[in-house]
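Student: My structure is stored as final_33.csv, with CSV, C-alpha atoms.
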```csv
chain,number,residue,atom,x,y,z
A,30,MET,CA,76.1,114.9,104.2
A,31,ARG,CA,75.1,111.4,103.2
A,32,GLN,CA,75.8,110.4,99.6
A,33,ILE,CA,75.0,107.4,97.5
A,34,ILE,CA,76.0,107.1,93.8
A,35,ALA,CA,74.3,104.2,92.1
A,36,LEU,CA,75.4,103.2,88.6
A,37,GLY,CA,72.9,101.4,86.4
A,38,GLY,CA,76.0,100.2,84.4
A,39,GLY,CA,79.2,101.6,83.1
A,40,GLY,CA,82.3,102.6,85.1
A,41,PHE,CA,85.7,100.9,84.9
A,42,SER,CA,84.3,97.4,84.7
A,43,MET,CA,82.0,98.0,81.7
A,44,GLU,CA,83.7,101.0,80.0
A,45,PRO,CA,87.5,100.7,80.7
A,46,ASP,CA,88.3,103.4,78.1
A,47,ASN,CA,85.7,105.8,79.4
A,48,PRO,CA,86.5,107.1,82.9
A,49,LEU,CA,83.8,109.7,83.1
A,50,LEU,CA,81.7,108.0,85.9
A,51,ASP,CA,84.8,106.9,87.9
A,52,GLU,CA,86.1,110.5,87.8
A,53,TYR,CA,82.7,111.8,88.8
A,54,ILE,CA,82.6,109.6,91.9
A,55,LEU,CA,86.1,110.7,93.0
A,56,ARG,CA,85.2,114.4,92.5
A,57,GLN,CA,82.4,114.1,95.1
A,58,SER,CA,84.9,113.6,97.9
A,59,THR,CA,86.3,116.7,99.7
A,60,LYS,CA,89.7,115.0,99.9
A,61,GLU,CA,92.4,116.0,97.4
A,62,LYS,CA,93.5,112.3,97.2
A,63,PRO,CA,90.5,110.3,98.5
A,64,GLU,CA,90.9,106.7,99.7
A,65,ILE,CA,88.5,104.5,97.7
A,66,CYS,CA,87.8,100.9,98.7
A,67,PHE,CA,86.4,98.4,96.2
A,68,ILE,CA,84.1,95.7,97.6
A,69,PRO,CA,83.7,92.8,95.1
A,70,THR,CA,81.5,90.5,97.3
A,71,ALA,CA,78.8,90.1,94.6
A,72,SER,CA,81.3,88.6,92.2
A,73,GLY,CA,82.7,86.2,94.8
A,74,ASP,CA,85.7,88.4,95.2
A,75,SER,CA,86.8,87.8,91.6
A,76,ASP,CA,90.6,88.3,91.2
A,77,ASN,CA,90.1,89.6,87.7
A,78,TYR,CA,87.6,92.2,88.8
A,79,ILE,CA,89.9,93.3,91.6
A,80,SER,CA,92.8,93.6,89.1
A,81,ARG,CA,90.6,95.7,86.8
A,82,PHE,CA,89.7,98.0,89.6
A,83,TYR,CA,93.4,98.7,90.5
A,84,HIS,CA,94.3,99.0,86.9
A,85,ALA,CA,91.6,101.7,86.4
A,86,PHE,CA,92.1,103.7,89.6
A,87,LYS,CA,95.9,103.7,89.7
A,88,SER,CA,95.8,106.4,87.0
A,89,HIS,CA,93.6,108.7,89.1
A,90,ASN,CA,94.5,110.9,92.0
A,91,CYS,CA,93.3,108.5,94.8
A,92,VAL,CA,94.4,105.7,97.1
A,93,PRO,CA,92.7,102.5,95.9
A,94,SER,CA,92.2,99.5,98.2
A,95,HIS,CA,89.8,96.5,98.4
A,96,LEU,CA,88.0,94.5,100.9
A,97,SER,CA,87.6,90.7,100.3
A,98,LEU,CA,85.5,88.6,102.6
A,99,PHE,CA,87.2,85.5,101.4
A,100,ASN,CA,90.6,87.0,102.3
A,101,PRO,CA,89.9,89.8,104.8
A,102,PRO,CA,92.5,92.6,104.9
A,103,ALA,CA,92.0,93.1,108.6
A,104,ARG,CA,90.3,91.5,111.6
A,105,ASP,CA,88.6,94.9,112.3
A,106,LEU,CA,86.5,95.3,109.1
A,107,GLU,CA,84.5,98.1,110.7
A,108,GLY,CA,87.6,100.1,111.4
A,109,TYR,CA,89.1,99.3,108.0
A,110,LEU,CA,86.0,100.6,106.1
A,111,LEU,CA,85.3,103.6,108.3
A,112,SER,CA,88.8,104.9,107.5
A,113,LYS,CA,87.9,105.3,103.8
A,114,ASP,CA,86.5,108.2,101.9
A,115,ILE,CA,84.6,106.3,99.2
A,116,ILE,CA,83.3,102.8,99.1
A,117,PHE,CA,82.6,101.3,95.6
A,118,VAL,CA,80.6,98.0,95.5
A,119,GLY,CA,81.0,95.8,92.4
A,120,GLY,CA,78.4,94.0,90.4
A,121,GLY,CA,77.4,90.4,90.5
A,122,ASN,CA,74.9,88.4,92.5
A,123,THR,CA,72.9,90.7,94.7
A,124,LYS,CA,71.3,87.9,96.8
A,125,ASN,CA,74.8,86.5,97.8
A,126,LEU,CA,76.1,90.0,98.5
A,127,LEU,CA,73.3,90.7,100.9
A,128,ALA,CA,73.6,87.3,102.6
A,129,LEU,CA,77.3,87.6,103.1
A,130,TRP,CA,77.1,91.2,104.3
A,131,LYS,CA,74.5,90.3,106.9
A,132,GLU,CA,76.7,87.4,108.1
A,133,TRP,CA,79.7,89.6,108.5
A,134,LYS,CA,77.5,92.5,109.8
A,135,LEU,CA,78.7,94.7,106.9
A,136,ASP,CA,75.2,95.9,106.4
A,137,GLN,CA,75.4,97.6,109.7
A,138,VAL,CA,78.9,99.0,108.9
A,139,MET,CA,77.7,100.4,105.6
A,140,LYS,CA,74.9,102.3,107.3
A,141,GLN,CA,77.4,103.7,109.8
A,142,ALA,CA,79.7,104.7,107.0
A,143,TRP,CA,76.8,106.4,105.2
A,144,ASN,CA,75.8,108.3,108.3
A,145,GLN,CA,79.4,109.2,108.9
A,146,GLY,CA,79.7,110.9,105.4
A,147,ILE,CA,81.6,108.2,103.6
A,148,ILE,CA,80.4,108.1,100.0
A,149,LEU,CA,78.7,104.9,99.1
A,150,SER,CA,78.7,103.9,95.4
A,151,GLY,CA,78.5,100.9,93.2
A,152,ILE,CA,77.3,99.3,89.9
A,153,SER,CA,74.5,96.9,89.2
A,154,ALA,CA,74.2,94.8,92.4
A,155,GLY,CA,76.4,97.4,94.0
A,156,ALA,CA,73.7,100.0,93.0
A,157,LEU,CA,70.6,98.0,93.7
A,158,CYS,CA,71.7,97.0,97.2
A,159,TRP,CA,71.1,100.5,98.6
A,160,PHE,CA,67.4,100.6,97.7
A,161,GLU,CA,64.4,99.1,99.5
A,162,GLU,CA,63.9,96.6,96.7
A,163,GLY,CA,64.3,96.0,93.0
A,164,VAL,CA,64.9,93.3,90.3
A,165,THR,CA,67.8,91.0,90.0
A,166,ASP,CA,69.0,88.0,87.9
A,167,SER,CA,70.6,86.5,91.1
A,168,PHE,CA,68.4,83.4,91.0
A,169,GLY,CA,69.5,82.1,87.6
A,170,ASP,CA,67.3,82.4,84.5
A,171,GLY,CA,64.9,85.4,84.4
A,172,VAL,CA,64.6,88.5,86.5
A,173,GLU,CA,63.1,88.4,90.0
A,174,PRO,CA,62.2,90.8,92.8
A,175,ILE,CA,64.5,91.2,95.8
A,176,LYS,CA,64.4,93.0,99.1
A,177,CYS,CA,67.6,95.1,99.8
A,178,LEU,CA,69.1,97.3,102.5
A,179,GLY,CA,66.6,100.2,102.3
A,180,PHE,CA,69.0,103.1,102.7
A,181,LEU,CA,67.1,104.7,99.7
A,182,LYS,CA,63.3,104.6,99.4
A,183,GLY,CA,61.6,102.8,96.6
A,184,SER,CA,62.8,100.3,94.0
A,185,HIS,CA,65.6,100.3,91.5
A,186,CYS,CA,66.4,98.6,88.2
A,187,PRO,CA,69.9,98.7,86.8
A,188,HIS,CA,70.8,97.9,83.1
A,189,TYR,CA,67.3,99.2,82.1
A,190,GLU,CA,68.1,99.4,78.4
A,191,GLY,CA,71.2,97.2,78.5
A,192,GLU,CA,69.7,93.8,79.2
A,193,GLU,CA,66.6,92.5,77.3
A,194,LEU,CA,64.6,91.2,80.3
A,195,ARG,CA,65.2,94.1,82.7
A,196,ARG,CA,62.7,96.7,81.5
A,197,PRO,CA,59.7,94.4,80.9
A,198,SER,CA,60.3,92.6,84.1
A,199,TYR,CA,60.6,95.7,86.2
A,200,ASN,CA,57.5,97.2,84.6
A,201,ARG,CA,55.5,94.0,85.2
A,202,TYR,CA,56.4,93.8,88.9
A,203,ILE,CA,55.5,97.4,89.4
A,204,GLN,CA,52.3,97.1,87.5
A,205,THR,CA,51.2,94.1,89.5
A,206,LYS,CA,52.3,95.9,92.7
A,207,THR,CA,54.7,93.1,93.5
A,208,ILE,CA,57.3,95.8,94.1
A,209,GLN,CA,56.8,99.6,94.5
A,210,GLY,CA,57.7,102.1,91.9
A,211,GLY,CA,61.1,103.6,91.7
A,212,ILE,CA,64.0,104.7,89.5
A,213,ALA,CA,65.5,102.7,86.6
A,214,ALA,CA,68.9,103.5,85.1
A,215,ASP,CA,70.4,102.7,81.7
A,216,ASP,CA,74.0,101.5,81.4
A,217,GLY,CA,76.2,104.5,81.7
A,218,VAL,CA,74.0,106.4,84.1
A,219,ALA,CA,74.7,107.3,87.7
A,220,LEU,CA,72.1,108.3,90.2
A,221,HIS,CA,73.5,110.7,92.8
A,222,TYR,CA,71.6,110.8,96.0
A,223,ILE,CA,72.3,113.4,98.7
A,224,ASN,CA,70.6,112.9,102.1
A,225,GLU,CA,68.2,110.4,100.4
A,226,GLU,CA,67.1,112.8,97.6
A,227,LEU,CA,68.0,112.2,94.0
A,228,LYS,CA,69.9,115.4,93.3
A,229,HIS,CA,71.9,114.7,90.1
A,230,ILE,CA,71.7,112.2,87.2
A,231,VAL,CA,74.8,112.0,85.1
A,232,SER,CA,75.9,109.7,82.3
A,233,SER,CA,79.0,108.6,80.4
A,234,ARG,CA,77.0,108.0,77.2
A,235,PRO,CA,75.2,110.8,75.3
A,236,SER,CA,71.9,108.8,74.9
A,237,ALA,CA,71.7,107.1,78.3
A,238,SER,CA,68.9,108.1,80.6
A,239,ALA,CA,67.2,107.4,83.9
A,240,TYR,CA,63.4,106.9,84.4
A,241,ARG,CA,60.9,107.3,87.1
A,242,VAL,CA,58.6,104.3,86.9
A,243,LYS,CA,55.3,103.9,88.7
A,244,GLU,CA,51.8,102.3,88.5
A,245,TYR,CA,48.8,104.4,87.9
A,246,GLN,CA,45.3,103.0,87.5
A,247,GLY,CA,46.7,99.6,86.5
A,248,LYS,CA,49.1,101.0,83.9
A,249,ILE,CA,52.8,101.7,83.9
A,250,VAL,CA,53.8,105.4,83.8
A,251,GLU,CA,57.4,106.0,82.8
A,252,GLU,CA,58.9,109.4,83.0
A,253,LYS,CA,62.3,110.0,81.4
A,254,LEU,CA,64.4,112.1,83.7
A,255,LYS,CA,66.8,114.9,82.7
A,256,THR,CA,70.3,113.4,82.5
A,257,TYR,CA,73.5,115.4,82.2
A,258,TYR,CA,76.1,113.9,79.8
A,259,LEU,CA,79.6,114.2,81.5
A,260,GLY,CA,81.3,114.3,78.1
A,261,GLU,CA,80.0,117.8,77.2
```
As structure tokens - that is how I would like this structure written.

Tutor:
Amino acid sequence: MRQIIALGGGGFSMEPDNPLLDEYILRQSTKEKPEICFIPTASGDSDNYISRFYHAFKSHNCVPSHLSLFNPPARDLEGYLLSKDIIFVGGGNTKNLLALWKEWKLDQVMKQAWNQGIILSGISAGALCWFEEGVTDSFGDGVEPIKCLGFLKGSHCPHYEGEELRRPSYNRYIQTKTIQGGIAADDGVALHYINEELKHIVSSRPSASAYRVKEYQGKIVEEKLKTYYLGE
């Protein structure tokens, strides 16, 4: 079973006092005490980000670790990652994440991990990277289209309601057919794909939602998708 859990926002880095999404990710593993590896490439392997990950996950029943490309934990990165149960990719600059992964051949390792049944997850850049394309602020001011790994079909937009430029930019690029339609997620929403199908949409915030966005006859059609609030 291939699983990807893409967070539009939320989790330990955005909601340190709200562990609902972190706990949801851990529960998807069949292991009683899963090994979860944090990959902070998109943030330039920020020490602060790594510290926040360990601070958050040390209170859960799991074995946390991280993989830094600036200070690799092992020479055999493939073997290191494929020994994990869950991979969580942090937010930051999607373009740099993809470039570094390609240089280190981590894009190939990620696909192998996915096919092997290791759960892939992540927030923002760490959510967008799994789709064919989407929108990013990696280039500086504004929000621009970007091509990604393509494990999941269609496009993606994280922080749909959380950042002012995300929704109008995503809609504009779909309307002009610059990118294809896809799924947008508010902060606090996780999209859970099983074997490339969107099976569950969960949230850590009562009002957060996901949306299917497409172009039809030159106009944007936005469908609000049923989202299950984990705090119920």

Student: If we count only C-alpha atoms and set the cut-off at 7 Å, which residues sit around Leu36 (chain A), ignoring sequence neighbours fewer than 4 positions away in its own chain? Please answer as number ranges by chain.

Tutor: A: 151-153, 156, 218-220

Student: Given the selection you just returned, output its residues as a file containing C-alpha atoms, formatted as a short mmCIF file (atom, residue, chain, number, x, y, z; two decimals), in the frame of the given file.

Tutor:
```cif
data_model
loop_
_atom_site.label_atom_id
_atom_site.label_comp_id
_atom_site.auth_asym_id
_atom_site.auth_seq_id
_atom_site.Cartn_x
_atom_site.Cartn_y
_atom_site.Cartn_z
CA GLY A 151 78.50 100.90 93.20
CA ILE A 152 77.30 99.30 89.90
CA SER A 153 74.50 96.90 89.20
CA ALA A 156 73.70 100.00 93.00
CA VAL A 218 74.00 106.40 84.10
CA ALA A 219 74.70 107.30 87.70
CA LEU A 220 72.10 108.30 90.20
#
```

Student: Have a look at A:Ser167, A:Ser184, A:Ser94, A:Ser232 and name the one nearest to Pro48 (chain A); count all atoms listed in the file.

Tutor: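 When distances to Pro48 (chain A) are compared using all atoms listed in the file, the smallest one comes from A:Ser232.
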
Student: How many Å lie between CA of Gly210 (chain A) and CA of Gly183 (chain A), rounded to one decimal?

Tutor: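 That distance, rounded to one decimal, is 6.1 Å.
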
Student: Taking into account only C-alpha atoms, which residue in the set A:Ala237, A:Leu227, A:Ile34, A:Leu55 is nearest to Ser150 (chain A)?

Tutor: A:Ile34

Student: Residues at most 12 Å from Cys186 (chain A), counting all atoms listed in the file, excluding those fewer than 4 positions away in the same chain, as a ChimeraX atom specification?

Tutor: /A:35-38,152-166,172-175,190-192,194-200,202-203,208-216,218,220,239-242

Student: Find, counting all atoms listed in the file, the residue in A:Leu49, A:Val138, A:Leu149, A:Cys177 that gets nearest to His221 (chain A).

Tutor: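 The closest residue to His221 (chain A) is A:Leu149.
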
Student: List the neighbours of Asn100 (chain A) out to 12 Å using only C-alpha atoms; skip same-chain residues closer than 5 positions along the sequence, and give me the result as number ranges by chain.

Tutor: A: 68-70, 73-76, 95, 106

Student: Excluding same-chain residues fewer than 4 positions from Lys248 (chain A), what lies within 9 Å of it counting all atoms listed in the file, as a ChimeraX atom specification?

Tutor: /A:204,243-244
